[in-house]
Amino acid sequence: MRKKIDLNGAKKVHFIGIGGISISGLAEILHRDGFEVSGSDAVDSEKTKELRRLGIKIFVPNAAENIAEDIDLIVYTAAVKPDNPEFSAAVSRGIRRIERAAFLAMLLEGYDAICVAGSHGKTTTTSLVAEIALAARLDPTINIGGHMNLGGSNYRVGDSKTFVLESCEYSNQFSHWHPHIGVILNVDADHLDFYGNMDNLIAAFAVFAQNIRPEGALVISKDAQGFDEITRKASCKIVTFGLSSDADFRAENIIYNEGRPSFDVFFGSEFKARVDLPLPGEYNMLNALAAFAAASRLNIPPETTARALSEARGTQRRFEYKGSLNGAKIIDDYAHHPTEIRACLAAARKAATGRVICLFQPHTYTRTKNLLDDFAQSFSDADEIVLLPIFAAREPFDPEISSEMLAERIKFEGNDVKFAQNFLEAGNYLTKVLRQNDLLVTMGAGDVYEVGENMIASKLSTLSTEPDE
């Protein structure tokens, strides 16, 4: 059993931005632990409605009067600015305030946390570790940056000391935590708008490794950039995974069936189990290896781990089958970095029996501009690419970069690419060109998935409920 959560005497906690995918789970954890919880957000959502049904007081929108006089602690997301009316009211009243990542560090003191980090694959791997922990009946608490297909939520509140947590490197959030097991899947050029360069990014992962408890373990890809720098000062045990012969956990005897890998897991020379992974691509095989290695540190029997991985349901927006149209399958994926695009399209190519068509929505001006050449070279496994305008997310408009510029670079690489001004134009074009056995991937971290959903919805009477075989 985990110990009671201690927030330094705080009993009444208010969350600003409570509808966020991560912070909503933290609010429920406190609510289940007996704290008096309230929260607010700019708009009502399924998350706020769900929390309200649990008995949590929810305010919409943010307003100074939502901050009751007897609130002990304010928890806020990184998106909350000093001019937020509730944040300003808390400052003026001298109420203690803490950002989500630092708050989570306090909460984790009562748990043995498994924190999954890396530039790519965090959400999927966290869900795999969570499914293994559930199969082993560890009764874990889970907090993931995406909705699990197992139960349809991004969090679960358990009653044991096991906490499975996706750990994001953006804004150095993961540096606050001291996990029992830390996982580093990979390190790649991303979030350089915050870190500035790769040296700083690698240094941040090194701090994450150093923060792992000495009695714990770091599970890390043998091929991770900056491996030596990251592991040099870590005081915990180092466990590696990968496809190379010198990795501790590795995959051998690999067979692909419509893009889905089956493989043997070895630890050194010792055979552990055979895994028939239902998720496609080499990248998901590596995610599964990392999850297998983490599960071994939890003393979960390898046969339990293999069974959980072979039955894994993954998360939404990760190579998620959405439906079919004109005899073509429509898949949706969150890939928004060149490395992720290559991996996703390689998996699509293995799974496809016809053309692979990619509808891509670039995510943030900074990432698109900084990695423009990498993006242009990442679509080689697609027969045709359709680009949407850049999804700005947290950033202001930047006239120095656009999807039209990316389209020109992709054309220079010899690929067939078109630019669509909006969702309607993209959907109409794709509806006309899709044909039997095509595979369409709607791709990006924004709202591009709506295009595929809208296309399918207009042909509901012709849809099957399962992927075509």
# chains A, B, ... in the order shown; residues from 1 in each chain; ligands from 1

call {"tool": "residues_around", "arguments": {"residues": "range 363-377 of chain A", "least_positions_apart": "2", "cutoff": "10 Å", "atoms": "only C-alpha atoms", "output": "PyMOL selection string"}}
result
chain A and resi 189-193+335-339+341-342+360-361+379-380+389-403+405-415+444-447

call {"tool": "residues_around", "arguments": {"residues": "Glu109 in chain A", "least_positions_apart": "2", "cutoff": "9 Å", "atoms": "only C-alpha atoms", "output": "MDAnalysis selection string"}}
result
chainID A and resid 3 5:6 104:107 111:113 177:179

call {"tool": "write_last_selection", "arguments": {"atoms": "N, CA and C atoms", "output": "PDB file, in the first residue's frame"}}
result
ATOM      1  N   LYS A   3       1.786   5.185   0.873  1.00  0.00           N
ATOM      2  CA  LYS A   3       1.537   6.006   2.044  1.00  0.00           C
ATOM      3  C   LYS A   3       0.614   7.160   1.684  1.00  0.00           C
ATOM      4  N   ILE A   5      -0.850  10.692   0.886  1.00  0.00           N
ATOM      5  CA  ILE A   5      -0.244  11.846   0.224  1.00  0.00           C
ATOM      6  C   ILE A   5      -0.117  12.998   1.215  1.00  0.00           C
ATOM      7  N   ASP A   6       1.058  13.599   1.269  1.00  0.00           N
ATOM      8  CA  ASP A   6       1.324  14.725   2.169  1.00  0.00           C
ATOM      9  C   ASP A   6       1.638  15.959   1.342  1.00  0.00           C
ATOM     10  N   LEU A 104       3.510  17.378  -8.996  1.00  0.00           N
ATOM     11  CA  LEU A 104       3.580  15.938  -9.223  1.00  0.00           C
ATOM     12  C   LEU A 104       4.767  15.331  -8.481  1.00  0.00           C
ATOM     13  N   ALA A 105       5.854  16.074  -8.374  1.00  0.00           N
ATOM     14  CA  ALA A 105       7.017  15.586  -7.627  1.00  0.00           C
ATOM     15  C   ALA A 105       6.647  15.347  -6.159  1.00  0.00           C
ATOM     16  N   MET A 106       5.861  16.244  -5.581  1.00  0.00           N
ATOM     17  CA  MET A 106       5.399  16.054  -4.204  1.00  0.00           C
ATOM     18  C   MET A 106       4.527  14.807  -4.092  1.00  0.00           C
ATOM     19  N   LEU A 107       3.632  14.664  -5.049  1.00  0.00           N
ATOM     20  CA  LEU A 107       2.701  13.544  -5.015  1.00  0.00           C
ATOM     21  C   LEU A 107       3.421  12.214  -5.154  1.00  0.00           C
ATOM     22  N   TYR A 111       4.908   7.114  -3.818  1.00  0.00           N
ATOM     23  CA  TYR A 111       4.822   6.007  -4.767  1.00  0.00           C
ATOM     24  C   TYR A 111       6.204   5.499  -5.160  1.00  0.00           C
ATOM     25  N   ASP A 112       6.235   4.306  -5.774  1.00  0.00           N
ATOM     26  CA  ASP A 112       7.380   3.819  -6.530  1.00  0.00           C
ATOM     27  C   ASP A 112       7.033   4.070  -8.004  1.00  0.00           C
ATOM     28  N   ALA A 113       7.569   5.133  -8.555  1.00  0.00           N
ATOM     29  CA  ALA A 113       7.158   5.577  -9.882  1.00  0.00           C
ATOM     30  C   ALA A 113       7.999   4.953 -10.985  1.00  0.00           C
ATOM     31  N   TRP A 177      11.268  15.002 -10.841  1.00  0.00           N
ATOM     32  CA  TRP A 177      10.816  13.730 -10.285  1.00  0.00           C
ATOM     33  C   TRP A 177      11.967  12.800  -9.918  1.00  0.00           C
ATOM     34  N   HIS A 178      11.716  11.918  -8.959  1.00  0.00           N
ATOM     35  CA  HIS A 178      12.716  10.957  -8.487  1.00  0.00           C
ATOM     36  C   HIS A 178      12.112   9.552  -8.568  1.00  0.00           C
ATOM     37  N   PRO A 179      12.073   8.997  -9.772  1.00  0.00           N
ATOM     38  CA  PRO A 179      11.398   7.715  -9.967  1.00  0.00           C
ATOM     39  C   PRO A 179      12.187   6.528  -9.415  1.00  0.00           C
TER      40      PRO A 179
END

call {"tool": "atom_distance", "arguments": {"atom1": "CA of Ser296 in chain A", "atom2": "CA of Gly259 in chain A"}}
result
26.5 Å

call {"tool": "closest_residue", "arguments": {"among": "A:Asp199, A:Asp264, A:Asp333, A:Asp223", "to": "Ala247 in chain A", "atoms": "only C-alpha atoms"}}
result
A:Asp223

call {"tool": "select_by_dssp", "arguments": {"residues": "range 20-199 of chain A", "states": "strand (DSSP E)", "output": "number ranges by chain"}}
result
A: 36-40, 57-59, 73-76, 96-99, 112-117, 141-143, 155-156, 162-166, 181-184

call {"tool": "residues_around", "arguments": {"residues": "Ala209 in chain A", "least_positions_apart": "2", "cutoff": "8 Å", "atoms": "only C-alpha atoms", "output": "JSON, numbers by chain"}}
result
{"A": [182, 205, 206, 207, 211, 212, 218, 230, 231, 233, 234]}

call {"tool": "write_last_selection", "arguments": {"atoms": "N, CA and C atoms", "output": "PDB file, in the first residue's frame"}}
result
ATOM      1  N   GLY A 182      13.361   4.690 -14.267  1.00  0.00           N
ATOM      2  CA  GLY A 182      13.270   5.680 -15.338  1.00  0.00           C
ATOM      3  C   GLY A 182      13.539   5.000 -16.669  1.00  0.00           C
ATOM      4  N   PHE A 205      18.326  15.180 -20.067  1.00  0.00           N
ATOM      5  CA  PHE A 205      18.097  13.750 -19.886  1.00  0.00           C
ATOM      6  C   PHE A 205      19.084  13.160 -18.867  1.00  0.00           C
ATOM      7  N   ALA A 206      20.287  13.714 -18.815  1.00  0.00           N
ATOM      8  CA  ALA A 206      21.258  13.255 -17.826  1.00  0.00           C
ATOM      9  C   ALA A 206      20.781  13.555 -16.404  1.00  0.00           C
ATOM     10  N   VAL A 207      20.181  14.720 -16.209  1.00  0.00           N
ATOM     11  CA  VAL A 207      19.624  15.067 -14.892  1.00  0.00           C
ATOM     12  C   VAL A 207      18.492  14.116 -14.537  1.00  0.00           C
ATOM     13  N   ASN A 211      18.419  11.610 -11.236  1.00  0.00           N
ATOM     14  CA  ASN A 211      17.365  11.712 -10.225  1.00  0.00           C
ATOM     15  C   ASN A 211      16.704  10.377  -9.894  1.00  0.00           C
ATOM     16  N   ILE A 212      17.015   9.335 -10.658  1.00  0.00           N
ATOM     17  CA  ILE A 212      16.460   8.017 -10.349  1.00  0.00           C
ATOM     18  C   ILE A 212      17.036   7.546  -9.016  1.00  0.00           C
ATOM     19  N   LEU A 218      17.724   2.610 -14.473  1.00  0.00           N
ATOM     20  CA  LEU A 218      17.479   3.343 -15.708  1.00  0.00           C
ATOM     21  C   LEU A 218      17.426   2.342 -16.852  1.00  0.00           C
ATOM     22  N   ILE A 230      24.512  10.735 -20.643  1.00  0.00           N
ATOM     23  CA  ILE A 230      23.302  10.533 -19.845  1.00  0.00           C
ATOM     24  C   ILE A 230      23.551   9.569 -18.695  1.00  0.00           C
ATOM     25  N   THR A 231      24.304   8.511 -18.940  1.00  0.00           N
ATOM     26  CA  THR A 231      24.470   7.454 -17.934  1.00  0.00           C
ATOM     27  C   THR A 231      25.653   7.682 -17.000  1.00  0.00           C
ATOM     28  N   LYS A 233      26.740   9.818 -14.728  1.00  0.00           N
ATOM     29  CA  LYS A 233      26.623  10.179 -13.319  1.00  0.00           C
ATOM     30  C   LYS A 233      25.416   9.545 -12.630  1.00  0.00           C
ATOM     31  N   ALA A 234      24.722   8.673 -13.331  1.00  0.00           N
ATOM     32  CA  ALA A 234      23.575   8.001 -12.721  1.00  0.00           C
ATOM     33  C   ALA A 234      24.055   7.046 -11.631  1.00  0.00           C
TER      34      ALA A 234
END

call {"tool": "residues_around", "arguments": {"residues": "Thr124 in chain A", "least_positions_apart": "4", "cutoff": "12 Å", "atoms": "only C-alpha atoms", "output": "compact mmCIF listing (two decimals) with all heavy atoms, in the first residue's frame"}}
result
# COMPACT_ATOMS: atom_id res chain seq x y z
N VAL A 116 8.40 7.22 -17.86
CA VAL A 116 8.81 6.90 -19.22
C VAL A 116 9.09 8.19 -19.98
O VAL A 116 8.19 9.01 -20.18
CB VAL A 116 7.73 6.08 -19.95
CG1 VAL A 116 8.18 5.76 -21.38
CG2 VAL A 116 7.44 4.79 -19.18
N ALA A 117 10.34 8.38 -20.39
CA ALA A 117 10.77 9.59 -21.07
C ALA A 117 11.35 9.24 -22.44
O ALA A 117 11.61 8.08 -22.75
CB ALA A 117 11.82 10.33 -20.23
N GLY A 118 11.56 10.27 -23.26
CA GLY A 118 12.13 10.08 -24.58
C GLY A 118 11.50 11.04 -25.56
O GLY A 118 10.41 11.57 -25.34
N HIS A 120 10.44 10.33 -28.56
CA HIS A 120 9.36 9.67 -29.30
C HIS A 120 8.93 8.40 -28.58
O HIS A 120 9.74 7.74 -27.93
CB HIS A 120 9.82 9.27 -30.71
CG HIS A 120 10.67 10.29 -31.39
ND1 HIS A 120 10.20 11.52 -31.77
CD2 HIS A 120 11.99 10.27 -31.74
CE1 HIS A 120 11.19 12.21 -32.32
NE2 HIS A 120 12.28 11.47 -32.31
N LEU A 128 1.99 0.62 -22.61
CA LEU A 128 2.41 -0.78 -22.57
C LEU A 128 2.84 -1.18 -21.16
O LEU A 128 2.46 -2.26 -20.66
CB LEU A 128 3.56 -1.02 -23.55
CG LEU A 128 3.23 -0.87 -25.03
CD1 LEU A 128 4.49 -1.05 -25.88
CD2 LEU A 128 2.16 -1.86 -25.46
N VAL A 129 3.61 -0.33 -20.49
CA VAL A 129 4.00 -0.62 -19.10
C VAL A 129 2.76 -0.70 -18.22
O VAL A 129 2.64 -1.58 -17.35
CB VAL A 129 4.97 0.45 -18.57
CG1 VAL A 129 5.27 0.23 -17.08
CG2 VAL A 129 6.28 0.44 -19.36
N ALA A 130 1.80 0.20 -18.46
CA ALA A 130 0.56 0.20 -17.68
C ALA A 130 -0.22 -1.09 -17.89
O ALA A 130 -0.72 -1.70 -16.93
CB ALA A 130 -0.29 1.40 -18.06
N GLU A 131 -0.31 -1.54 -19.14
CA GLU A 131 -1.06 -2.78 -19.42
C GLU A 131 -0.37 -3.99 -18.78
O GLU A 131 -1.03 -4.90 -18.29
CB GLU A 131 -1.23 -2.97 -20.93
CG GLU A 131 -2.16 -1.93 -21.56
CD GLU A 131 -2.65 -2.34 -22.92
OE1 GLU A 131 -3.23 -3.44 -23.04
OE2 GLU A 131 -2.47 -1.57 -23.89
N ILE A 144 -1.10 9.26 -18.34
CA ILE A 144 -0.55 9.18 -19.69
C ILE A 144 -1.01 10.39 -20.49
O ILE A 144 -2.11 10.91 -20.29
CB ILE A 144 -1.01 7.88 -20.39
CG1 ILE A 144 -0.53 6.65 -19.61
CG2 ILE A 144 -0.49 7.79 -21.82
CD1 ILE A 144 -0.95 5.33 -20.22
N GLY A 145 -0.18 10.82 -21.44
CA GLY A 145 -0.51 11.96 -22.28
C GLY A 145 -1.38 11.62 -23.47
O GLY A 145 -1.34 12.29 -24.50
N GLY A 146 -2.15 10.56 -23.39
CA GLY A 146 -3.06 10.16 -24.44
C GLY A 146 -4.06 9.19 -23.87
O GLY A 146 -3.87 8.66 -22.77
N HIS A 147 -5.15 8.96 -24.58
CA HIS A 147 -6.19 8.08 -24.07
C HIS A 147 -5.88 6.62 -24.41
O HIS A 147 -5.67 6.28 -25.57
CB HIS A 147 -7.55 8.48 -24.66
CG HIS A 147 -8.06 9.77 -24.13
ND1 HIS A 147 -7.68 10.98 -24.67
CD2 HIS A 147 -8.89 10.06 -23.10
CE1 HIS A 147 -8.27 11.96 -23.99
NE2 HIS A 147 -9.01 11.43 -23.04
N MET A 148 -5.85 5.79 -23.38
CA MET A 148 -5.62 4.36 -23.58
C MET A 148 -6.85 3.74 -24.23
O MET A 148 -7.99 4.05 -23.87
CB MET A 148 -5.34 3.67 -22.25
CG MET A 148 -4.06 4.13 -21.57
SD MET A 148 -3.84 3.38 -19.94
CE MET A 148 -3.66 1.65 -20.37
N ASN A 149 -6.60 2.84 -25.19
CA ASN A 149 -7.72 2.09 -25.76
C ASN A 149 -8.30 1.12 -24.75
O ASN A 149 -9.41 0.62 -24.93
CB ASN A 149 -7.26 1.35 -27.02
CG ASN A 149 -7.01 2.32 -28.17
OD1 ASN A 149 -7.69 3.33 -28.31
ND2 ASN A 149 -6.02 2.01 -28.99
N ASN A 154 -7.07 8.63 -19.91
CA ASN A 154 -5.64 8.88 -19.85
C ASN A 154 -5.07 8.66 -18.45
O ASN A 154 -3.88 8.84 -18.22
CB ASN A 154 -5.31 10.30 -20.30
CG ASN A 154 -5.85 11.34 -19.34
OD1 ASN A 154 -7.06 11.44 -19.16
ND2 ASN A 154 -4.98 12.10 -18.70
N LEU A 165 3.94 6.63 -15.21
CA LEU A 165 3.79 8.04 -15.58
C LEU A 165 4.56 8.38 -16.85
O LEU A 165 5.75 8.08 -16.96
CB LEU A 165 4.32 8.92 -14.43
CG LEU A 165 4.40 10.43 -14.66
CD1 LEU A 165 3.01 11.04 -14.77
CD2 LEU A 165 5.17 11.08 -13.51
N GLU A 166 3.87 8.99 -17.81
CA GLU A 166 4.56 9.55 -18.97
C GLU A 166 5.29 10.82 -18.53
O GLU A 166 4.72 11.68 -17.85
CB GLU A 166 3.56 9.88 -20.07
CG GLU A 166 4.21 10.47 -21.31
CD GLU A 166 3.24 10.67 -22.46
OE1 GLU A 166 2.16 10.05 -22.45
OE2 GLU A 166 3.58 11.44 -23.37
N LEU A 185 13.67 6.27 -23.98
CA LEU A 185 13.48 5.55 -25.23
C LEU A 185 14.44 6.00 -26.31
O LEU A 185 14.93 5.19 -27.10
CB LEU A 185 12.04 5.74 -25.71
CG LEU A 185 10.96 5.25 -24.75
CD1 LEU A 185 9.60 5.77 -25.18
CD2 LEU A 185 10.96 3.73 -24.68
N LEU A 279 0.81 -4.12 -32.39
CA LEU A 279 1.10 -2.77 -32.86
C LEU A 279 2.15 -2.83 -33.96
O LEU A 279 3.09 -3.61 -33.87
CB LEU A 279 1.60 -1.90 -31.70
CG LEU A 279 0.75 -1.90 -30.43
CD1 LEU A 279 1.38 -1.03 -29.36
CD2 LEU A 279 -0.68 -1.45 -30.73
N PRO A 280 2.04 -2.01 -35.00
CA PRO A 280 2.92 -2.16 -36.17
C PRO A 280 4.27 -1.47 -36.01
O PRO A 280 4.42 -0.53 -35.23
CB PRO A 280 2.12 -1.50 -37.29
CG PRO A 280 1.38 -0.41 -36.57
CD PRO A 280 1.02 -0.99 -35.22
N TYR A 283 9.56 0.51 -34.61
CA TYR A 283 9.58 1.46 -33.49
C TYR A 283 8.73 0.96 -32.33
O TYR A 283 9.10 1.12 -31.16
CB TYR A 283 9.15 2.85 -33.93
CG TYR A 283 7.71 3.00 -34.38
CD1 TYR A 283 6.78 3.66 -33.59
CD2 TYR A 283 7.28 2.52 -35.61
CE1 TYR A 283 5.47 3.83 -34.00
CE2 TYR A 283 5.99 2.67 -36.04
CZ TYR A 283 5.07 3.32 -35.23
OH TYR A 283 3.77 3.48 -35.65
N ASN A 284 7.60 0.32 -32.62
CA ASN A 284 6.78 -0.23 -31.55
C ASN A 284 7.41 -1.48 -30.94
O ASN A 284 7.22 -1.76 -29.75
CB ASN A 284 5.37 -0.53 -32.04
CG ASN A 284 4.47 0.70 -31.97
OD1 ASN A 284 4.54 1.46 -31.01
ND2 ASN A 284 3.65 0.89 -32.97
N MET A 285 8.18 -2.23 -31.73
CA MET A 285 8.92 -3.36 -31.18
C MET A 285 9.94 -2.85 -30.15
O MET A 285 10.11 -3.45 -29.07
CB MET A 285 9.62 -4.13 -32.28
CG MET A 285 10.42 -5.33 -31.80
SD MET A 285 10.94 -6.43 -33.14
CE MET A 285 11.92 -5.28 -34.14
N LEU A 286 10.61 -1.75 -30.46
CA LEU A 286 11.55 -1.17 -29.50
C LEU A 286 10.83 -0.64 -28.26
O LEU A 286 11.32 -0.78 -27.13
CB LEU A 286 12.34 -0.05 -30.18
CG LEU A 286 13.36 -0.52 -31.22
CD1 LEU A 286 13.88 0.66 -32.03
CD2 LEU A 286 14.51 -1.27 -30.57
N ASN A 287 9.66 -0.02 -28.46
CA ASN A 287 8.86 0.42 -27.31
C ASN A 287 8.51 -0.77 -26.42
O ASN A 287 8.57 -0.69 -25.19
CB ASN A 287 7.58 1.10 -27.79
CG ASN A 287 7.83 2.42 -28.49
OD1 ASN A 287 8.88 3.04 -28.30
ND2 ASN A 287 6.88 2.85 -29.30
N ALA A 288 8.13 -1.89 -27.05
CA ALA A 288 7.76 -3.09 -26.30
C ALA A 288 8.97 -3.66 -25.55
O ALA A 288 8.84 -4.14 -24.41
CB ALA A 288 7.17 -4.14 -27.23
N ALA A 290 11.47 -1.93 -24.38
CA ALA A 290 11.67 -1.05 -23.22
C ALA A 290 10.69 -1.39 -22.11
O ALA A 290 11.05 -1.45 -20.92
CB ALA A 290 11.51 0.41 -23.64
N ALA A 291 9.43 -1.62 -22.48
CA ALA A 291 8.43 -1.99 -21.49
C ALA A 291 8.75 -3.33 -20.83
O ALA A 291 8.58 -3.51 -19.63
CB ALA A 291 7.04 -2.03 -22.15
N LEU A 309 1.80 -7.82 -23.59
CA LEU A 309 2.25 -7.15 -24.82
C LEU A 309 1.55 -7.72 -26.05
O LEU A 309 1.22 -7.00 -26.99
CB LEU A 309 3.76 -7.28 -24.96
CG LEU A 309 4.61 -6.49 -23.98
CD1 LEU A 309 6.09 -6.82 -24.14
CD2 LEU A 309 4.40 -4.98 -24.16
N ALA A 312 -1.80 -6.15 -26.20
CA ALA A 312 -1.80 -4.69 -25.99
C ALA A 312 -2.78 -3.99 -26.91
O ALA A 312 -2.88 -4.31 -28.09
CB ALA A 312 -0.39 -4.15 -26.20
N ARG A 313 -3.47 -3.01 -26.37
CA ARG A 313 -4.45 -2.25 -27.15
C ARG A 313 -3.95 -0.86 -27.51
O ARG A 313 -4.56 -0.16 -28.30
CB ARG A 313 -5.75 -2.15 -26.36
CG ARG A 313 -6.41 -3.52 -26.19
CD ARG A 313 -7.43 -3.52 -25.09
NE ARG A 313 -7.55 -4.88 -24.54
CZ ARG A 313 -8.39 -5.19 -23.57
NH1 ARG A 313 -9.16 -4.26 -23.03
NH2 ARG A 313 -8.46 -6.42 -23.12
N GLY A 314 -2.83 -0.45 -26.89
CA GLY A 314 -2.24 0.83 -27.26
C GLY A 314 -3.08 2.02 -26.85
O GLY A 314 -3.93 1.94 -25.97
N THR A 315 -2.83 3.14 -27.52
CA THR A 315 -3.54 4.38 -27.21
C THR A 315 -4.14 4.97 -28.48
O THR A 315 -3.75 4.64 -29.59
CB THR A 315 -2.58 5.41 -26.59
OG1 THR A 315 -1.49 5.64 -27.48
CG2 THR A 315 -2.05 4.94 -25.26
N GLN A 316 -5.08 5.86 -28.27
CA GLN A 316 -5.69 6.53 -29.40
C GLN A 316 -4.67 7.44 -30.08
O GLN A 316 -3.74 7.93 -29.47
CB GLN A 316 -6.89 7.35 -28.92
CG GLN A 316 -8.02 6.49 -28.37
CD GLN A 316 -9.13 7.31 -27.74
OE1 GLN A 316 -9.24 8.51 -27.96
NE2 GLN A 316 -9.96 6.64 -26.94
N ARG A 317 -4.84 7.61 -31.40
CA ARG A 317 -3.99 8.46 -32.22
C ARG A 317 -2.58 7.90 -32.39
O ARG A 317 -1.67 8.64 -32.74
CB ARG A 317 -3.93 9.90 -31.69
CG ARG A 317 -5.27 10.61 -31.61
CD ARG A 317 -5.21 12.05 -32.12
NE ARG A 317 -4.77 12.10 -33.50
CZ ARG A 317 -3.99 13.07 -33.98
NH1 ARG A 317 -3.56 14.04 -33.20
NH2 ARG A 317 -3.62 13.04 -35.25
N ARG A 318 -2.38 6.62 -32.14
CA ARG A 318 -1.11 5.97 -32.45
C ARG A 318 -1.39 4.81 -33.40
O ARG A 318 -1.82 3.73 -32.97
CB ARG A 318 -0.40 5.47 -31.18
CG ARG A 318 0.51 6.52 -30.52
CD ARG A 318 -0.26 7.67 -29.94
NE ARG A 318 0.61 8.65 -29.29
CZ ARG A 318 0.13 9.76 -28.71
NH1 ARG A 318 -1.16 10.03 -28.75
NH2 ARG A 318 0.96 10.60 -28.13
N PHE A 319 -1.24 5.07 -34.69
CA PHE A 319 -1.56 4.12 -35.76
C PHE A 319 -2.94 3.52 -35.49
O PHE A 319 -3.15 2.31 -35.51
CB PHE A 319 -0.51 3.02 -35.88
CG PHE A 319 -0.29 2.57 -37.31
CD1 PHE A 319 0.58 3.26 -38.14
CD2 PHE A 319 -0.97 1.48 -37.81
CE1 PHE A 319 0.78 2.85 -39.46
CE2 PHE A 319 -0.78 1.06 -39.13
CZ PHE A 319 0.09 1.75 -39.96
N GLU A 320 -3.89 4.39 -35.24
CA GLU A 320 -5.25 3.99 -34.86
C GLU A 320 -6.13 3.84 -36.11
O GLU A 320 -6.29 4.77 -36.89
CB GLU A 320 -5.86 5.04 -33.93
CG GLU A 320 -7.28 4.72 -33.49
CD GLU A 320 -7.90 5.83 -32.67
OE1 GLU A 320 -7.30 6.93 -32.59
OE2 GLU A 320 -9.00 5.61 -32.12
N ASP A 333 -2.49 8.96 -36.88
CA ASP A 333 -1.29 8.87 -36.04
C ASP A 333 -0.84 10.26 -35.60
O ASP A 333 -0.96 11.24 -36.33
CB ASP A 333 -0.15 8.17 -36.79
CG ASP A 333 0.92 7.66 -35.84
OD1 ASP A 333 1.83 8.44 -35.51
OD2 ASP A 333 0.82 6.50 -35.42
N TYR A 334 -0.29 10.30 -34.38
CA TYR A 334 0.13 11.55 -33.73
C TYR A 334 1.50 12.04 -34.20
O TYR A 334 1.96 13.10 -33.78
CB TYR A 334 0.17 11.30 -32.22
CG TYR A 334 0.24 12.50 -31.33
CD1 TYR A 334 -0.86 13.34 -31.16
CD2 TYR A 334 1.40 12.78 -30.60
CE1 TYR A 334 -0.80 14.42 -30.31
CE2 TYR A 334 1.46 13.86 -29.74
CZ TYR A 334 0.36 14.68 -29.59
OH TYR A 334 0.42 15.76 -28.74
N ALA A 335 2.17 11.31 -35.08
CA ALA A 335 3.54 11.64 -35.49
C ALA A 335 3.63 13.10 -35.94
O ALA A 335 2.86 13.55 -36.79
CB ALA A 335 3.98 10.72 -36.62
